[in-house]
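Reviewing the structure listed below.
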Amino acid sequence: MKLSRTKSALAEWRPTPGNAWDASAAAQLLRRGGFGPRPADLERALDEGVDRTIERLSEAPESLEENLSGIHSLLGVGKISQLQAWWMSLITGGGVPLVERMALMWHNHFATSNDKVDDVRMMHRQNVILRENGLGDFRGLLRKLAKDPAMLIWLDGDANKRGNPNENFAREVMELFALGIGNYDERDVQEAARAFTGWGTNGRAFAFSPDHHDTGEKQIFGKRGEFDGDEALELVLNHPACREHVARKLIESFVDAKPEGAAVRELAGVLVEREWNIGATLDVLLRSELFFQPRVRRGRIAGPVEIVAMTVRCMDKSIAPSRLALAADRMGQSLFRPPSVKGWDMGRGWINAGTWLARHNELAAYVVDSSGKPRATLGSAFSKRAEREPSERVLNTLFPDGTDRAYAGAMRTAADACTSEQQALAQVAALAFSSPEYHLV
Amino acid sequence: MPSTRRQFLINGIGVTASLAAMPLLPNALARTPRKRERVLVVLQLSGGNDGLNTVIPRTQDAYYRLRPTLAIGSNAVHALDKNYGLHPSMGALAKVFEEQKLAVLHGVGHTVQERSHFRSMEIWHTASTALPLADTGWLGRLSDQISARSPGSMPALHIGAGTLPLALRGHGHLPPTVRDPKGFLLEPNTPAFASSREQLLSASSADGDLDFLRNSAKSTYTAAKRMTELTSAKSSVSYPNTELGRQLKLVARLISGEFGTRVFQVELGGFDHHSRQAPAHQALLGQLSNALAAFQGDLDESGHDDRVMTLVFSEFGRRAAENGSRGTDHGAGAPAFLMGSKVRAGLHGTGPDLTQLVDGDVAVTTDFRSVYTTLEQSWMGMKPSTRAKALPLLG
């Protein structure tokens with residue numbers, strides 16, 4: 001019997017007349033590889049093509065060094081709100097788009113909360129690890145985080161001692177960080193916890209206490225040895241489930257919340273072939289047929305940080321990052337404070353009556369006041385191509401993929417009822433921000 | 001029509017809601033007969049309330065020895081019985097006690113030697129001392145059961161400005177947080193804006209996540225409208241002009257207005273008094289007492305008192321001995337309160353014996369989980385979270 005050769009999902013995408021490099025495709029790349037287009041970005045992307053647009057996702061803004069170091073003088077104050085505002089400023093444009101995208105993904109993956117760590121310097125240091133290693137070798141990232149003081153406090157490293165092991169880190173490294181449920185058993189967790197005994201903190205630094213380390217023989221994934229923490233970590237990284245766990249995470253975050261097994265396996269193969277380099281693996285994913293399928297575009301419910309960032313970027317507005325961080329908090333995502341080690345509940349988990357109310361109010365407030373009058377911050381947003389109808393100008397910016405006719409018609413009616421052009425632009429933008437369609441990205 | 005979809009009526013408008021969106025729809029708005037269902041209000045005192053200066057063991061010499069500057073004189077307290085009295089600033093709550101609507105539970109807590117606020121709160125919230133930490137809290141699990149029995153309800157609400165407490169996290173849903181004591185406030189909400197917003201929501205057909213988001217939006221707007229109606233109605237009951245007073249007033253309005261929510265969590269923070277405790281603690285206990293008494297009075301007046309039970313707890317009490325800064329450090333067992341006209345009023349359990357401290361702490365004599373079972377099973381008629389036995393605390 002002859003098997004038909006299945007087409008590779010990761011084959012490089014070639015634009016066709018039916019699926020062209022158009023505003024919709026460019027917006028997909030800019031929304032997922034970064035935090036959405038600024039007004040001029042789409043046209044530039046269409047001029048420059050897909051390769052150059054991908055390259056630009058990794059380009060640094062001129063003031064990157066200052067933007068990154070701006071937080072140092074404030075760390076001593078010890079306020080998490082300042083760290084949140086700083087990260088928000090990098091996400092909305094002060095940082096490298098793809099780097100910040102990845103840092104946010106890893107923050108949700110290696111979710112650590114300041115509510116327990118209670119130390120802004122340590123949270124900052126972990127964030128730097130995510131930023132500097134997020135696109136590098138996954139193995140290196142995991143090794144660094146395993147010895148990161150914030151992580152050690154978060155998952156009770158200090159309490160993990162010979163004779164009285166604390167399994168918290170050993171369990172999460174298998175369940176959440178590297179393997180996934182079903183790929184290990186309780187014995188593996190208990191034995192790995194013994195291997196990690198003695199890993200703790202001294203002040204804000206990693207410290208190994210030989211006195212607390214269990215030097216005895218352990219059995220992990222069927223292998224026996226007097227493993228220490230480093231060796232236990234290598235066993236986890238060499239477990240066949242690890243590559244697929246990482247590959248699945250990448251597809252879930254960048255393409256589709258419910259990836260197909262074949263695509264996961266294929267990307268896992270790429271990951272190993274590229275020596276676990278996340279950036280190189282992602283490069284294949286972002287250029288793939290899989291990524292550019294029309295089916296997946298505008299198919300995810302945006303997270304709070306994401307929707308706030310996309311909104312200020314599309315209007316090209318500068319709004320105090322502390323305000324943006326607070327808005328995301330009200331929508332259910334307080335940076336550096338995920339609700340548990342599992343991170344935030346994504347997708348529909350973002351939405352309840354309270355968080356929807358916050359999305360409605362916070363985003364609309366960037367363009368109108370509570371009585372519906374245009375805000376000064378609206379400024380010249382949506383002012384380009386003045387020959388067009390106001391509602392059309394706003395919708396073209398917010399929905400490069402287009403909207404259905406009934407939606408556009410209702411917006412035109414709303415705009416027509418306004419007394420000035422500025423009022424119409426603000427009204428349509430506020431209505432769009434508070435409409436469900438806008439929250440699918 | 002596919003079996004996963006159902007017709008609901010929201011203010012007379014037919015809405016097709018997918019199952020996933022239903023938990024957002026307030027009960028009071030679905031066209032179902034209303035029952036006078038029981039309600040649980042949980043008030044969390046965050047930071048570790050000093051139980052010994054709340055329910056004062058006024059006849060124990062050891063109390064006066066251990067607390068040379070912080071002890072409260074026997075004659076200054078509001079006597080509950082011959083051995084115990086409430087803090088002098090809690091006169092209003094003492095009156096509720098006289099009216100037989102308050103139960104004082106001695107020595108409630110868990111026996112894990114854990115003096116971290118974070119960890120102790122996790123234990124209280126999840127009703128478990130086990131690690132890894134459970135994903136859900138006891139009130140979330142209770143709300144899941146309420147949702148299963150009456151789909152389409154908004155079973156629980158978190159009232160306050162902070163992030164959603166773990167206690168309220170369920171398997172099926174995360175309850176909304178109501179930040180403003182006036183309820184959900186939509187801004188902007190001018191007639192023109194509201195009418196365009198409405199039109200956009202039904203401009204075209206939708207499925208999947210778009211359908212889910214639209215239903216979420218619709219039920220949010222309906223709930224906001226209902227809350228505004230309830231909170232702007234005139235009332236003769238006066239509450240103290242404090243955040244807690246305003247929050248409990250909102251809860252009372254939602255209950256008497258048959259909004260449909262059956263579990264509320266409210267918080268009062270600031271109890272972590274490591275130094276110069278006396279004035280700050282006095283102020284907080286006064287706020288607590290006045291707001292609770294006003295809340296109970298409001299329910300009494302509206303006739304909903306027989307279906308509401310309020311639990312007041314803190315993550316731990318404080319050390320029996322005061323520290324060197326006229327404050328107290330993190331301790332263990334502490335009193336909890338149950339308030340309502342259906343409670344067995346009085347003092348319950350074994351009071352603290354300050355000559356028999358456990359590692360410097362008041363002993364835990366009542367497992368907090370047995371209080372939960374009492375509320376989950378005996379009060380709400382649901383399956384309890386744990387195997388702890390219910391206590392005979394209801395009248």
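Each chain in the structure tokens gets a letter, A, B and so on, in the order shown; residues start at 1 in every chain, and ligands are counted from 1 in the order they appear.
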DSSP-assigned alpha helix (DSSP H) members of range 175-323 of chain A, reported as a count of residues only: 77
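Every protein, DNA or RNA residue with an atom at most 9 Å from range 411-428 of chain A, where only C-alpha atoms count and chain neighbours fewer than 5 positions away do not, is listed here: Ala364, Val367, Val368, Gly372, Lys373, Pro374, Arg375, Leu378, Gly379, Ala381, Phe382, Ser383, Glu389, Pro390, Ser391, Glu392, Arg393, Val394, Leu395, Ala406 and Phe433 of chain A; Ala192, Phe193, Ser196 and Leu200 of chain B.
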Mind dumping the selected residues with N, CA and C atoms as a PDB file, in the first residue's frame?
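Written file, again-v8.pdb:
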ATOM      1  N   ALA A 364     -11.877  52.282  26.101  1.00  0.00           N
ATOM      2  CA  ALA A 364     -12.655  53.417  25.610  1.00  0.00           C
ATOM      3  C   ALA A 364     -12.112  54.719  26.194  1.00  0.00           C
ATOM      4  N   VAL A 367      -9.855  57.193  24.326  1.00  0.00           N
ATOM      5  CA  VAL A 367     -10.343  58.092  23.266  1.00  0.00           C
ATOM      6  C   VAL A 367     -11.517  58.979  23.672  1.00  0.00           C
ATOM      7  N   VAL A 368     -12.318  58.529  24.637  1.00  0.00           N
ATOM      8  CA  VAL A 368     -13.447  59.378  25.060  1.00  0.00           C
ATOM      9  C   VAL A 368     -13.482  59.485  26.587  1.00  0.00           C
ATOM     10  N   GLY A 372     -18.570  60.566  26.899  1.00  0.00           N
ATOM     11  CA  GLY A 372     -18.493  60.259  25.469  1.00  0.00           C
ATOM     12  C   GLY A 372     -17.802  61.329  24.626  1.00  0.00           C
ATOM     13  N   LYS A 373     -17.259  62.369  25.278  1.00  0.00           N
ATOM     14  CA  LYS A 373     -16.568  63.429  24.519  1.00  0.00           C
ATOM     15  C   LYS A 373     -15.136  62.996  24.188  1.00  0.00           C
ATOM     16  N   PRO A 374     -14.625  63.449  23.024  1.00  0.00           N
ATOM     17  CA  PRO A 374     -13.269  63.028  22.641  1.00  0.00           C
ATOM     18  C   PRO A 374     -12.226  63.519  23.641  1.00  0.00           C
ATOM     19  N   ARG A 375     -11.253  62.699  23.921  1.00  0.00           N
ATOM     20  CA  ARG A 375     -10.170  63.103  24.814  1.00  0.00           C
ATOM     21  C   ARG A 375      -9.061  63.766  24.011  1.00  0.00           C
ATOM     22  N   LEU A 378      -6.651  61.616  22.047  1.00  0.00           N
ATOM     23  CA  LEU A 378      -6.986  61.106  20.713  1.00  0.00           C
ATOM     24  C   LEU A 378      -6.094  61.787  19.681  1.00  0.00           C
ATOM     25  N   GLY A 379      -5.877  63.091  19.889  1.00  0.00           N
ATOM     26  CA  GLY A 379      -4.963  63.867  19.051  1.00  0.00           C
ATOM     27  C   GLY A 379      -5.192  63.628  17.574  1.00  0.00           C
ATOM     28  N   ALA A 381      -4.626  60.763  16.031  1.00  0.00           N
ATOM     29  CA  ALA A 381      -4.799  59.359  15.665  1.00  0.00           C
ATOM     30  C   ALA A 381      -5.932  59.248  14.655  1.00  0.00           C
ATOM     31  N   PHE A 382      -5.811  58.374  13.726  1.00  0.00           N
ATOM     32  CA  PHE A 382      -6.811  58.114  12.684  1.00  0.00           C
ATOM     33  C   PHE A 382      -7.010  59.324  11.758  1.00  0.00           C
ATOM     34  N   SER A 383      -6.059  60.253  11.739  1.00  0.00           N
ATOM     35  CA  SER A 383      -6.292  61.457  10.936  1.00  0.00           C
ATOM     36  C   SER A 383      -5.787  61.303   9.511  1.00  0.00           C
ATOM     37  N   GLU A 389     -14.288  58.477   4.872  1.00  0.00           N
ATOM     38  CA  GLU A 389     -15.251  58.601   5.973  1.00  0.00           C
ATOM     39  C   GLU A 389     -14.540  58.312   7.299  1.00  0.00           C
ATOM     40  N   PRO A 390     -14.889  59.043   8.369  1.00  0.00           N
ATOM     41  CA  PRO A 390     -14.240  58.786   9.664  1.00  0.00           C
ATOM     42  C   PRO A 390     -14.327  57.313  10.096  1.00  0.00           C
ATOM     43  N   SER A 391     -15.491  56.716   9.961  1.00  0.00           N
ATOM     44  CA  SER A 391     -15.616  55.339  10.458  1.00  0.00           C
ATOM     45  C   SER A 391     -14.719  54.407   9.654  1.00  0.00           C
ATOM     46  N   GLU A 392     -14.573  54.693   8.389  1.00  0.00           N
ATOM     47  CA  GLU A 392     -13.724  53.865   7.539  1.00  0.00           C
ATOM     48  C   GLU A 392     -12.257  53.992   7.956  1.00  0.00           C
ATOM     49  N   ARG A 393     -11.860  55.231   8.279  1.00  0.00           N
ATOM     50  CA  ARG A 393     -10.464  55.454   8.691  1.00  0.00           C
ATOM     51  C   ARG A 393     -10.135  54.688   9.973  1.00  0.00           C
ATOM     52  N   VAL A 394     -11.050  54.737  10.903  1.00  0.00           N
ATOM     53  CA  VAL A 394     -10.799  54.038  12.168  1.00  0.00           C
ATOM     54  C   VAL A 394     -10.788  52.523  11.938  1.00  0.00           C
ATOM     55  N   LEU A 395     -11.783  52.038  11.230  1.00  0.00           N
ATOM     56  CA  LEU A 395     -11.880  50.588  11.041  1.00  0.00           C
ATOM     57  C   LEU A 395     -10.712  50.037  10.220  1.00  0.00           C
ATOM     58  N   ALA A 406     -22.253  44.471   8.056  1.00  0.00           N
ATOM     59  CA  ALA A 406     -23.223  44.944   9.052  1.00  0.00           C
ATOM     60  C   ALA A 406     -22.509  45.740  10.150  1.00  0.00           C
ATOM     61  N   PHE A 433     -13.306  49.486  20.328  1.00  0.00           N
ATOM     62  CA  PHE A 433     -12.543  48.931  21.446  1.00  0.00           C
ATOM     63  C   PHE A 433     -13.430  48.101  22.377  1.00  0.00           C
TER      64      PHE A 433
ATOM     65  N   ALA B 192     -26.686  57.376  23.252  1.00  0.00           N
ATOM     66  CA  ALA B 192     -26.224  57.147  21.875  1.00  0.00           C
ATOM     67  C   ALA B 192     -25.194  56.017  21.841  1.00  0.00           C
ATOM     68  N   PHE B 193     -24.265  56.083  22.803  1.00  0.00           N
ATOM     69  CA  PHE B 193     -23.212  55.071  22.838  1.00  0.00           C
ATOM     70  C   PHE B 193     -23.819  53.694  23.107  1.00  0.00           C
ATOM     71  N   SER B 196     -25.636  52.267  20.033  1.00  0.00           N
ATOM     72  CA  SER B 196     -24.716  51.754  19.008  1.00  0.00           C
ATOM     73  C   SER B 196     -24.045  50.457  19.485  1.00  0.00           C
ATOM     74  N   LEU B 200     -24.180  46.849  17.532  1.00  0.00           N
ATOM     75  CA  LEU B 200     -22.990  46.121  17.075  1.00  0.00           C
ATOM     76  C   LEU B 200     -23.002  44.681  17.563  1.00  0.00           C
TER      77      LEU B 200
END
7 Å contacts from chain B to chain A using only C-alpha atoms, as a VMD selection string: chain B and resid 24 118 132 174 to 178 186 to 188 190 196 to 197 199 to 200 203 to 204 210 213 to 214 216 to 217 220
Residues near Thr129 in chain B, anyone? I mean within 10 Å using only C-alpha atoms, not counting same-chain ones fewer than 5 positions away, as a short mmCIF file (atom, residue, chain, number, x, y, z; two decimals) with C-alpha atoms, in the first residue's frame.
data_model
loop_
_atom_site.label_atom_id
_atom_site.label_comp_id
_atom_site.auth_asym_id
_atom_site.auth_seq_id
_atom_site.Cartn_x
_atom_site.Cartn_y
_atom_site.Cartn_z
CA HIS B 110 -5.00 25.17 61.06
CA THR B 111 -2.24 23.29 62.81
CA VAL B 112 0.46 23.76 60.18
CA ARG B 119 1.07 30.40 52.83
CA SER B 120 -1.44 30.62 55.64
CA GLU B 122 -3.41 29.68 50.78
CA ILE B 123 -4.35 27.07 53.37
CA TRP B 124 -7.48 28.96 54.36
CA ALA B 134 -4.75 23.25 44.76
#
Interatomic distance, CA of Asp230 in chain A to CA of Leu152 in chain A (Å, one decimal): 14.4 Å
Ala291 in chain B surroundings by only C-alpha atoms, 12 Å radius, close-in-sequence under 4 positions cut, as a ChimeraX atom specification: /B:43,90-93,96,237-252,266,268,284-287,295-298
Please identify all polymer residues within 10 Å of Val77 in chain B, counting only C-alpha atoms, omitting same-chain residues fewer than 2 positions from it, and present them as a PDB file with all heavy atoms, in the first residue's frame.
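Writing the result to out29.pdb gives the following:
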ATOM      1  N   ASN B  53      -6.898  40.546  71.333  1.00  0.00           N
ATOM      2  CA  ASN B  53      -7.402  41.892  71.616  1.00  0.00           C
ATOM      3  C   ASN B  53      -8.711  42.171  70.882  1.00  0.00           C
ATOM      4  O   ASN B  53      -9.154  43.308  70.829  1.00  0.00           O
ATOM      5  CB  ASN B  53      -6.351  42.954  71.261  1.00  0.00           C
ATOM      6  CG  ASN B  53      -5.446  43.235  72.456  1.00  0.00           C
ATOM      7  OD1 ASN B  53      -5.388  42.415  73.389  1.00  0.00           O
ATOM      8  ND2 ASN B  53      -4.761  44.362  72.451  1.00  0.00           N
ATOM      9  N   THR B  54      -9.296  41.119  70.316  1.00  0.00           N
ATOM     10  CA  THR B  54     -10.615  41.263  69.685  1.00  0.00           C
ATOM     11  C   THR B  54     -11.658  40.657  70.613  1.00  0.00           C
ATOM     12  O   THR B  54     -12.617  41.311  71.018  1.00  0.00           O
ATOM     13  CB  THR B  54     -10.630  40.577  68.308  1.00  0.00           C
ATOM     14  OG1 THR B  54      -9.561  41.094  67.520  1.00  0.00           O
ATOM     15  CG2 THR B  54     -11.952  40.791  67.592  1.00  0.00           C
ATOM     16  N   VAL B  55     -11.432  39.370  70.947  1.00  0.00           N
ATOM     17  CA  VAL B  55     -12.257  38.702  71.961  1.00  0.00           C
ATOM     18  C   VAL B  55     -11.340  38.548  73.181  1.00  0.00           C
ATOM     19  O   VAL B  55     -10.479  37.676  73.216  1.00  0.00           O
ATOM     20  CB  VAL B  55     -12.767  37.345  71.446  1.00  0.00           C
ATOM     21  CG1 VAL B  55     -13.550  36.623  72.520  1.00  0.00           C
ATOM     22  CG2 VAL B  55     -13.618  37.543  70.195  1.00  0.00           C
ATOM     23  N   ILE B  56     -11.504  39.420  74.119  1.00  0.00           N
ATOM     24  CA  ILE B  56     -10.496  39.590  75.178  1.00  0.00           C
ATOM     25  C   ILE B  56     -10.749  38.663  76.374  1.00  0.00           C
ATOM     26  O   ILE B  56     -11.851  38.676  76.941  1.00  0.00           O
ATOM     27  CB  ILE B  56     -10.471  41.075  75.605  1.00  0.00           C
ATOM     28  CG1 ILE B  56      -9.951  41.904  74.413  1.00  0.00           C
ATOM     29  CG2 ILE B  56      -9.621  41.304  76.853  1.00  0.00           C
ATOM     30  CD1 ILE B  56     -10.454  43.312  74.382  1.00  0.00           C
ATOM     31  N   PRO B  57      -9.737  37.844  76.737  1.00  0.00           N
ATOM     32  CA  PRO B  57      -9.887  36.917  77.871  1.00  0.00           C
ATOM     33  C   PRO B  57      -9.684  37.681  79.176  1.00  0.00           C
ATOM     34  O   PRO B  57      -8.643  37.608  79.813  1.00  0.00           O
ATOM     35  CB  PRO B  57      -8.776  35.882  77.631  1.00  0.00           C
ATOM     36  CG  PRO B  57      -7.733  36.627  76.869  1.00  0.00           C
ATOM     37  CD  PRO B  57      -8.403  37.728  76.108  1.00  0.00           C
ATOM     38  N   ARG B  58     -10.680  38.435  79.579  1.00  0.00           N
ATOM     39  CA  ARG B  58     -10.523  39.495  80.576  1.00  0.00           C
ATOM     40  C   ARG B  58     -10.311  39.000  81.990  1.00  0.00           C
ATOM     41  O   ARG B  58     -10.007  39.787  82.881  1.00  0.00           O
ATOM     42  CB  ARG B  58     -11.740  40.423  80.535  1.00  0.00           C
ATOM     43  CG  ARG B  58     -13.056  39.703  80.851  1.00  0.00           C
ATOM     44  CD  ARG B  58     -14.196  40.544  80.334  1.00  0.00           C
ATOM     45  NE  ARG B  58     -15.492  39.994  80.681  1.00  0.00           N
ATOM     46  CZ  ARG B  58     -16.304  40.515  81.598  1.00  0.00           C
ATOM     47  NH1 ARG B  58     -15.931  41.569  82.298  1.00  0.00           N
ATOM     48  NH2 ARG B  58     -17.469  39.975  81.820  1.00  0.00           N
ATOM     49  N   ILE B  72      -6.157  45.135  77.443  1.00  0.00           N
ATOM     50  CA  ILE B  72      -7.309  46.019  77.616  1.00  0.00           C
ATOM     51  C   ILE B  72      -7.981  45.684  78.937  1.00  0.00           C
ATOM     52  O   ILE B  72      -8.229  44.504  79.222  1.00  0.00           O
ATOM     53  CB  ILE B  72      -8.272  45.819  76.440  1.00  0.00           C
ATOM     54  CG1 ILE B  72      -7.464  46.122  75.185  1.00  0.00           C
ATOM     55  CG2 ILE B  72      -9.532  46.659  76.616  1.00  0.00           C
ATOM     56  CD1 ILE B  72      -8.068  46.645  74.031  1.00  0.00           C
ATOM     57  N   GLY B  73      -8.240  46.693  79.719  1.00  0.00           N
ATOM     58  CA  GLY B  73      -8.784  46.481  81.058  1.00  0.00           C
ATOM     59  C   GLY B  73     -10.115  45.758  81.034  1.00  0.00           C
ATOM     60  O   GLY B  73     -10.943  45.977  80.146  1.00  0.00           O
ATOM     61  N   SER B  74     -10.326  44.918  82.009  1.00  0.00           N
ATOM     62  CA  SER B  74     -11.522  44.090  82.078  1.00  0.00           C
ATOM     63  C   SER B  74     -12.800  44.928  82.039  1.00  0.00           C
ATOM     64  O   SER B  74     -13.802  44.533  81.456  1.00  0.00           O
ATOM     65  CB  SER B  74     -11.470  43.255  83.350  1.00  0.00           C
ATOM     66  OG  SER B  74     -12.635  42.495  83.472  1.00  0.00           O
ATOM     67  N   ASN B  75     -12.747  46.087  82.626  1.00  0.00           N
ATOM     68  CA  ASN B  75     -13.964  46.902  82.695  1.00  0.00           C
ATOM     69  C   ASN B  75     -14.251  47.667  81.414  1.00  0.00           C
ATOM     70  O   ASN B  75     -15.359  48.164  81.218  1.00  0.00           O
ATOM     71  CB  ASN B  75     -13.859  47.903  83.838  1.00  0.00           C
ATOM     72  CG  ASN B  75     -13.830  47.175  85.170  1.00  0.00           C
ATOM     73  OD1 ASN B  75     -14.396  46.080  85.297  1.00  0.00           O
ATOM     74  ND2 ASN B  75     -13.130  47.748  86.137  1.00  0.00           N
ATOM     75  N   ALA B  79     -18.750  43.060  77.575  1.00  0.00           N
ATOM     76  CA  ALA B  79     -18.772  41.677  78.067  1.00  0.00           C
ATOM     77  C   ALA B  79     -19.652  40.792  77.199  1.00  0.00           C
ATOM     78  O   ALA B  79     -20.761  41.162  76.817  1.00  0.00           O
ATOM     79  CB  ALA B  79     -19.277  41.664  79.503  1.00  0.00           C
ATOM     80  N   LEU B  80     -19.105  39.595  76.878  1.00  0.00           N
ATOM     81  CA  LEU B  80     -19.888  38.588  76.162  1.00  0.00           C
ATOM     82  C   LEU B  80     -20.392  37.542  77.151  1.00  0.00           C
ATOM     83  O   LEU B  80     -21.481  37.006  77.037  1.00  0.00           O
ATOM     84  CB  LEU B  80     -19.031  37.906  75.088  1.00  0.00           C
ATOM     85  CG  LEU B  80     -18.521  38.832  73.962  1.00  0.00           C
ATOM     86  CD1 LEU B  80     -17.524  38.091  73.080  1.00  0.00           C
ATOM     87  CD2 LEU B  80     -19.684  39.352  73.123  1.00  0.00           C
ATOM     88  N   TYR B  84     -15.105  36.571  78.782  1.00  0.00           N
ATOM     89  CA  TYR B  84     -14.669  37.215  77.537  1.00  0.00           C
ATOM     90  C   TYR B  84     -15.458  38.479  77.240  1.00  0.00           C
ATOM     91  O   TYR B  84     -16.618  38.600  77.631  1.00  0.00           O
ATOM     92  CB  TYR B  84     -14.805  36.240  76.354  1.00  0.00           C
ATOM     93  CG  TYR B  84     -13.927  35.021  76.512  1.00  0.00           C
ATOM     94  CD1 TYR B  84     -14.442  33.845  77.044  1.00  0.00           C
ATOM     95  CD2 TYR B  84     -12.571  35.073  76.185  1.00  0.00           C
ATOM     96  CE1 TYR B  84     -13.633  32.737  77.238  1.00  0.00           C
ATOM     97  CE2 TYR B  84     -11.748  33.974  76.369  1.00  0.00           C
ATOM     98  CZ  TYR B  84     -12.282  32.807  76.896  1.00  0.00           C
ATOM     99  OH  TYR B  84     -11.468  31.729  77.088  1.00  0.00           O
ATOM    100  N   GLY B  85     -14.798  39.379  76.530  1.00  0.00           N
ATOM    101  CA  GLY B  85     -15.485  40.589  76.111  1.00  0.00           C
ATOM    102  C   GLY B  85     -14.925  41.078  74.791  1.00  0.00           C
ATOM    103  O   GLY B  85     -13.771  40.785  74.449  1.00  0.00           O
ATOM    104  N   LEU B  86     -15.740  41.807  74.038  1.00  0.00           N
ATOM    105  CA  LEU B  86     -15.265  42.383  72.781  1.00  0.00           C
ATOM    106  C   LEU B  86     -14.503  43.675  73.056  1.00  0.00           C
ATOM    107  O   LEU B  86     -14.760  44.373  74.034  1.00  0.00           O
ATOM    108  CB  LEU B  86     -16.450  42.675  71.850  1.00  0.00           C
ATOM    109  CG  LEU B  86     -17.138  41.483  71.190  1.00  0.00           C
ATOM    110  CD1 LEU B  86     -18.348  41.966  70.367  1.00  0.00           C
ATOM    111  CD2 LEU B  86     -16.175  40.713  70.290  1.00  0.00           C
ATOM    112  N   HIS B  87     -13.574  43.980  72.150  1.00  0.00           N
ATOM    113  CA  HIS B  87     -12.774  45.205  72.221  1.00  0.00           C
ATOM    114  C   HIS B  87     -13.706  46.417  72.416  1.00  0.00           C
ATOM    115  O   HIS B  87     -14.808  46.451  71.858  1.00  0.00           O
ATOM    116  CB  HIS B  87     -11.980  45.333  70.918  1.00  0.00           C
ATOM    117  CG  HIS B  87     -10.983  46.442  70.920  1.00  0.00           C
ATOM    118  ND1 HIS B  87     -11.334  47.759  70.696  1.00  0.00           N
ATOM    119  CD2 HIS B  87      -9.645  46.443  71.125  1.00  0.00           C
ATOM    120  CE1 HIS B  87     -10.260  48.520  70.766  1.00  0.00           C
ATOM    121  NE2 HIS B  87      -9.206  47.739  71.018  1.00  0.00           N
ATOM    122  N   PRO B  88     -13.241  47.397  73.173  1.00  0.00           N
ATOM    123  CA  PRO B  88     -14.094  48.563  73.460  1.00  0.00           C
ATOM    124  C   PRO B  88     -14.658  49.254  72.220  1.00  0.00           C
ATOM    125  O   PRO B  88     -15.737  49.856  72.287  1.00  0.00           O
ATOM    126  CB  PRO B  88     -13.138  49.508  74.196  1.00  0.00           C
ATOM    127  CG  PRO B  88     -12.086  48.637  74.776  1.00  0.00           C
ATOM    128  CD  PRO B  88     -11.964  47.446  73.886  1.00  0.00           C
ATOM    129  N   SER B  89     -13.941  49.147  71.071  1.00  0.00           N
ATOM    130  CA  SER B  89     -14.453  49.843  69.877  1.00  0.00           C
ATOM    131  C   SER B  89     -15.527  49.024  69.151  1.00  0.00           C
ATOM    132  O   SER B  89     -16.008  49.435  68.099  1.00  0.00           O
ATOM    133  CB  SER B  89     -13.298  50.135  68.905  1.00  0.00           C
ATOM    134  OG  SER B  89     -12.753  48.920  68.440  1.00  0.00           O
ATOM    135  N   MET B  90     -15.902  47.871  69.716  1.00  0.00           N
ATOM    136  CA  MET B  90     -16.834  46.993  69.005  1.00  0.00           C
ATOM    137  C   MET B  90     -18.230  46.965  69.639  1.00  0.00           C
ATOM    138  O   MET B  90     -18.906  45.930  69.655  1.00  0.00           O
ATOM    139  CB  MET B  90     -16.255  45.575  68.907  1.00  0.00           C
ATOM    140  CG  MET B  90     -14.913  45.529  68.169  1.00  0.00           C
ATOM    141  SD  MET B  90     -14.206  43.881  68.075  1.00  0.00           S
ATOM    142  CE  MET B  90     -15.046  43.225  66.644  1.00  0.00           C
ATOM    143  N   GLY B  91     -18.655  48.128  70.117  1.00  0.00           N
ATOM    144  CA  GLY B  91     -19.968  48.204  70.765  1.00  0.00           C
ATOM    145  C   GLY B  91     -21.113  47.798  69.855  1.00  0.00           C
ATOM    146  O   GLY B  91     -22.062  47.128  70.265  1.00  0.00           O
ATOM    147  N   ALA B  94     -21.289  44.151  69.627  1.00  0.00           N
ATOM    148  CA  ALA B  94     -21.753  43.597  70.910  1.00  0.00           C
ATOM    149  C   ALA B  94     -23.280  43.619  70.969  1.00  0.00           C
ATOM    150  O   ALA B  94     -23.911  42.723  71.529  1.00  0.00           O
ATOM    151  CB  ALA B  94     -21.151  44.398  72.064  1.00  0.00           C
TER     152      ALA B  94
END
Range 213-273 of chain A: residues DSSP assigns to strand (DSSP E), reported as a list in words: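 Answer for range 213-273 of chain A, restricted to strand (DSSP E): Lys218, Gln219, Ile220, Lys223, Arg224 and Gly225 of chain A.
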Deliver the residues from the most recent selection as a file, using N, CA and C atoms, as a compact mmCIF listing (two decimals), in the first residue's frame.
# COMPACT_ATOMS: atom_id res chain seq x y z
N LYS A 218 19.47 7.87 43.63
CA LYS A 218 18.10 8.17 43.24
C LYS A 218 17.77 7.40 41.96
N GLN A 219 16.46 7.22 41.74
CA GLN A 219 16.03 6.63 40.47
C GLN A 219 15.05 7.57 39.80
N ILE A 220 15.47 8.13 38.68
CA ILE A 220 14.63 9.09 37.96
C ILE A 220 14.44 8.60 36.53
N LYS A 223 16.36 5.60 35.52
CA LYS A 223 17.83 5.61 35.59
C LYS A 223 18.27 5.78 37.04
N ARG A 224 19.34 5.04 37.42
CA ARG A 224 19.82 5.12 38.79
C ARG A 224 21.14 5.88 38.85
N GLY A 225 21.35 6.59 39.95
CA GLY A 225 22.61 7.28 40.14
C GLY A 225 22.54 8.20 41.34
